[in-house]
Amino acid sequence: MDLQVKAGVGKELLAFSRTKKLWVLVCVFIGLSVLSPLMIAGLGSLVDSMSDTYEQLGMDVSAMTEELSSSAMLGVSSQISDLSFAGLLVFLLLINSFAGGEQKKRSIIIPQSSGLSSIAYILPKFIVYPSAIFVLSLAGVFTGSFVASLVFDNNDIVFSQLFAAAVILGVCNMFYVCLHLALGTGTGKAGMSSAVCIVASVLLPNIFSVWDPAPVYNPFTMNLTAVSALYGRESASDLFITVLIALIIMAAAYFIALFAQNAKKIDNSGDEIVI
């Protein structure tokens, strides 16, 4: 590995950990993974405790109660949805300062005049932050499955399907992080970039799912594909192709960010120091 790139990876890791953002994200992902199955199980208990009231109103909720309290996979699927929404949202917001936000601070602006290459600036970001959210997503899914296996009556989780769902969720979150890094570093407007990626992650899966209830091969809807994989509804070949398409687009996002960085000139004039 090039010395500049190696130093850049070290710098990104130190910035990520010493600003406490990494530890905040660990707490967010693990917290969501624990709370989501507990909330589904708690909802089942709540509905069961109010079954007499529902019967008086002429409503039979026995089937709903049984579903909410019996299936561990229901708790994991809820947790996957939470990680692909709330977890991803928090991650995108917290890495704003690393996704081009530092370009607005002249005290830490890219010192191209000192010999720092664009690759040494861009590549470490595409190594550290997508890898971090992939690991956090996997850790979250496995934590959630452990909690679900304890609180639900029927532990119907199949490990191979759980592993496939965890990988698809991790790649899904990586995909949006790479888009954020490309747009943020390319424009220098990290806030705008995170807003675009958050809106895309919320709206596009629903829009595409209207056209196709099972939009496999679509990297923008991999959160839905992860839930389908959890229930064993997707073949291994389809999941492999989906991941491959997402990785190709992520690689393209890196080269676009690199091209944008090489094409633009950053204004390093003035004597203002922002810390």
# chains A, B, ... in the order shown; residues from 1 in each chain; ligands from 1

$ closest_atom_pairs --of "range 130-245 of chain A" --to "range 78-99 of chain A" --cutoff "7 Å" --atoms "only C-alpha atoms" --output "CSV"
residue,atom,partner,partner_atom,distance
A:Val141,CA,A:Ile80,CA,6.8
A:Gly144,CA,A:Gln79,CA,6.7
A:Asn173,CA,A:Leu88,CA,6.4
A:Val177,CA,A:Leu92,CA,6.6
A:His180,CA,A:Ala99,CA,6.9
A:Leu181,CA,A:Ala99,CA,4.9
A:Gly184,CA,A:Ala99,CA,5.0
A:Thr185,CA,A:Ala99,CA,5.4
A:Ala190,CA,A:Asn96,CA,5.2
A:Gly191,CA,A:Asn96,CA,6.5
A:Ser194,CA,A:Leu92,CA,5.8
A:Ile198,CA,A:Leu89,CA,6.2
A:Asn223,CA,A:Ser84,CA,6.2

$ select_by_dssp --residues "range 7-254 of chain A" --states "alpha helix (DSSP H)" --output "count of residues only"
187

$ closest_residue --among "A:Gly8, A:Gly188, A:Gly100, A:Gly170" --to "Ile119 in chain A" --atoms "only C-alpha atoms"
A:Gly8

$ atom_distance --atom1 "CA of Gln261 in chain A" --atom2 "CA of Gly186 in chain A"
6.0 Å

$ closest_residue --among "A:Ser17, A:Ser137, A:Ser149, A:Ser228" --to "Gly75 in chain A" --atoms "only C-alpha atoms"
A:Ser149

$ residues_around --residues "range 243-245 of chain A" --least-positions-apart "3" --cutoff "9 Å" --atoms "only C-alpha atoms" --output "PDB file with C-alpha atoms, in the first residue's frame"
ATOM      1  CA  VAL A 167     -24.394  -9.456   4.228  1.00  0.00           C
ATOM      2  CA  ILE A 168     -27.061  -7.908   1.983  1.00  0.00           C
ATOM      3  CA  VAL A 171     -23.685  -4.046   1.364  1.00  0.00           C
ATOM      4  CA  CYS A 172     -26.867  -1.948   1.180  1.00  0.00           C
ATOM      5  CA  TYR A 217     -30.767  -6.841  -8.637  1.00  0.00           C
ATOM      6  CA  ASN A 218     -31.641  -3.281  -7.621  1.00  0.00           C
ATOM      7  CA  PRO A 219     -28.965  -1.875  -5.244  1.00  0.00           C
ATOM      8  CA  MET A 222     -31.282  -4.101  -0.951  1.00  0.00           C
ATOM      9  CA  ASP A 238     -29.704 -13.718  -7.317  1.00  0.00           C
ATOM     10  CA  LEU A 239     -28.143 -12.423  -4.109  1.00  0.00           C
ATOM     11  CA  PHE A 240     -24.647 -12.767  -5.567  1.00  0.00           C
ATOM     12  CA  ILE A 248     -19.542  -2.205  -9.336  1.00  0.00           C
ATOM     13  CA  ILE A 249     -21.558   0.967  -8.680  1.00  0.00           C
ATOM     14  CA  MET A 250     -19.558   1.617  -5.499  1.00  0.00           C
TER      15      MET A 250
END

$ residues_around --residues "Ala15 in chain A" --least-positions-apart "4" --cutoff "12 Å" --atoms "only C-alpha atoms" --output "PyMOL selection string"
chain A and resi 8-11+19-23+94-95+97-98+102+124-125+128-129

$ closest_atom_pairs --of "range 216-241 of chain A" --to "range 200-209 of chain A" --cutoff "8 Å" --atoms "only C-alpha atoms" --output "JSON lines"
{"residue": "A:Phe220", "atom": "CA", "partner": "A:Pro205", "partner_atom": "CA", "distance": 6.1}
{"residue": "A:Thr221", "atom": "CA", "partner": "A:Pro205", "partner_atom": "CA", "distance": 4.6}
{"residue": "A:Asn223", "atom": "CA", "partner": "A:Pro205", "partner_atom": "CA", "distance": 7.8}
{"residue": "A:Leu224", "atom": "CA", "partner": "A:Pro205", "partner_atom": "CA", "distance": 7.3}

$ residues_around --residues "Ala252 in chain A" --least-positions-apart "4" --cutoff "12 Å" --atoms "only C-alpha atoms" --output "PyMOL selection string"
chain A and resi 126+175+178-179+181-182+245-248+256-259

$ write_last_selection --atoms "C-alpha atoms" --output "tab-separated table (two decimals), in the first residue's frame"
chain	number	residue	atom	x	y	z
A	126	PHE	CA	-13.74	4.62	0.71
A	175	PHE	CA	-23.77	1.46	-1.05
A	178	CYS	CA	-20.20	5.34	-0.91
A	179	LEU	CA	-22.73	7.55	-2.69
A	181	LEU	CA	-18.67	10.03	0.07
A	182	ALA	CA	-18.65	10.53	-3.70
A	245	ILE	CA	-23.97	-4.89	-9.15
A	246	ALA	CA	-23.77	-2.86	-5.94
A	247	LEU	CA	-19.98	-3.30	-5.72
A	248	ILE	CA	-19.54	-2.20	-9.34
A	256	ILE	CA	-16.21	9.66	-9.96
A	257	ALA	CA	-15.11	11.15	-6.64
A	258	LEU	CA	-11.48	10.85	-7.70
A	259	PHE	CA	-12.18	12.46	-11.06
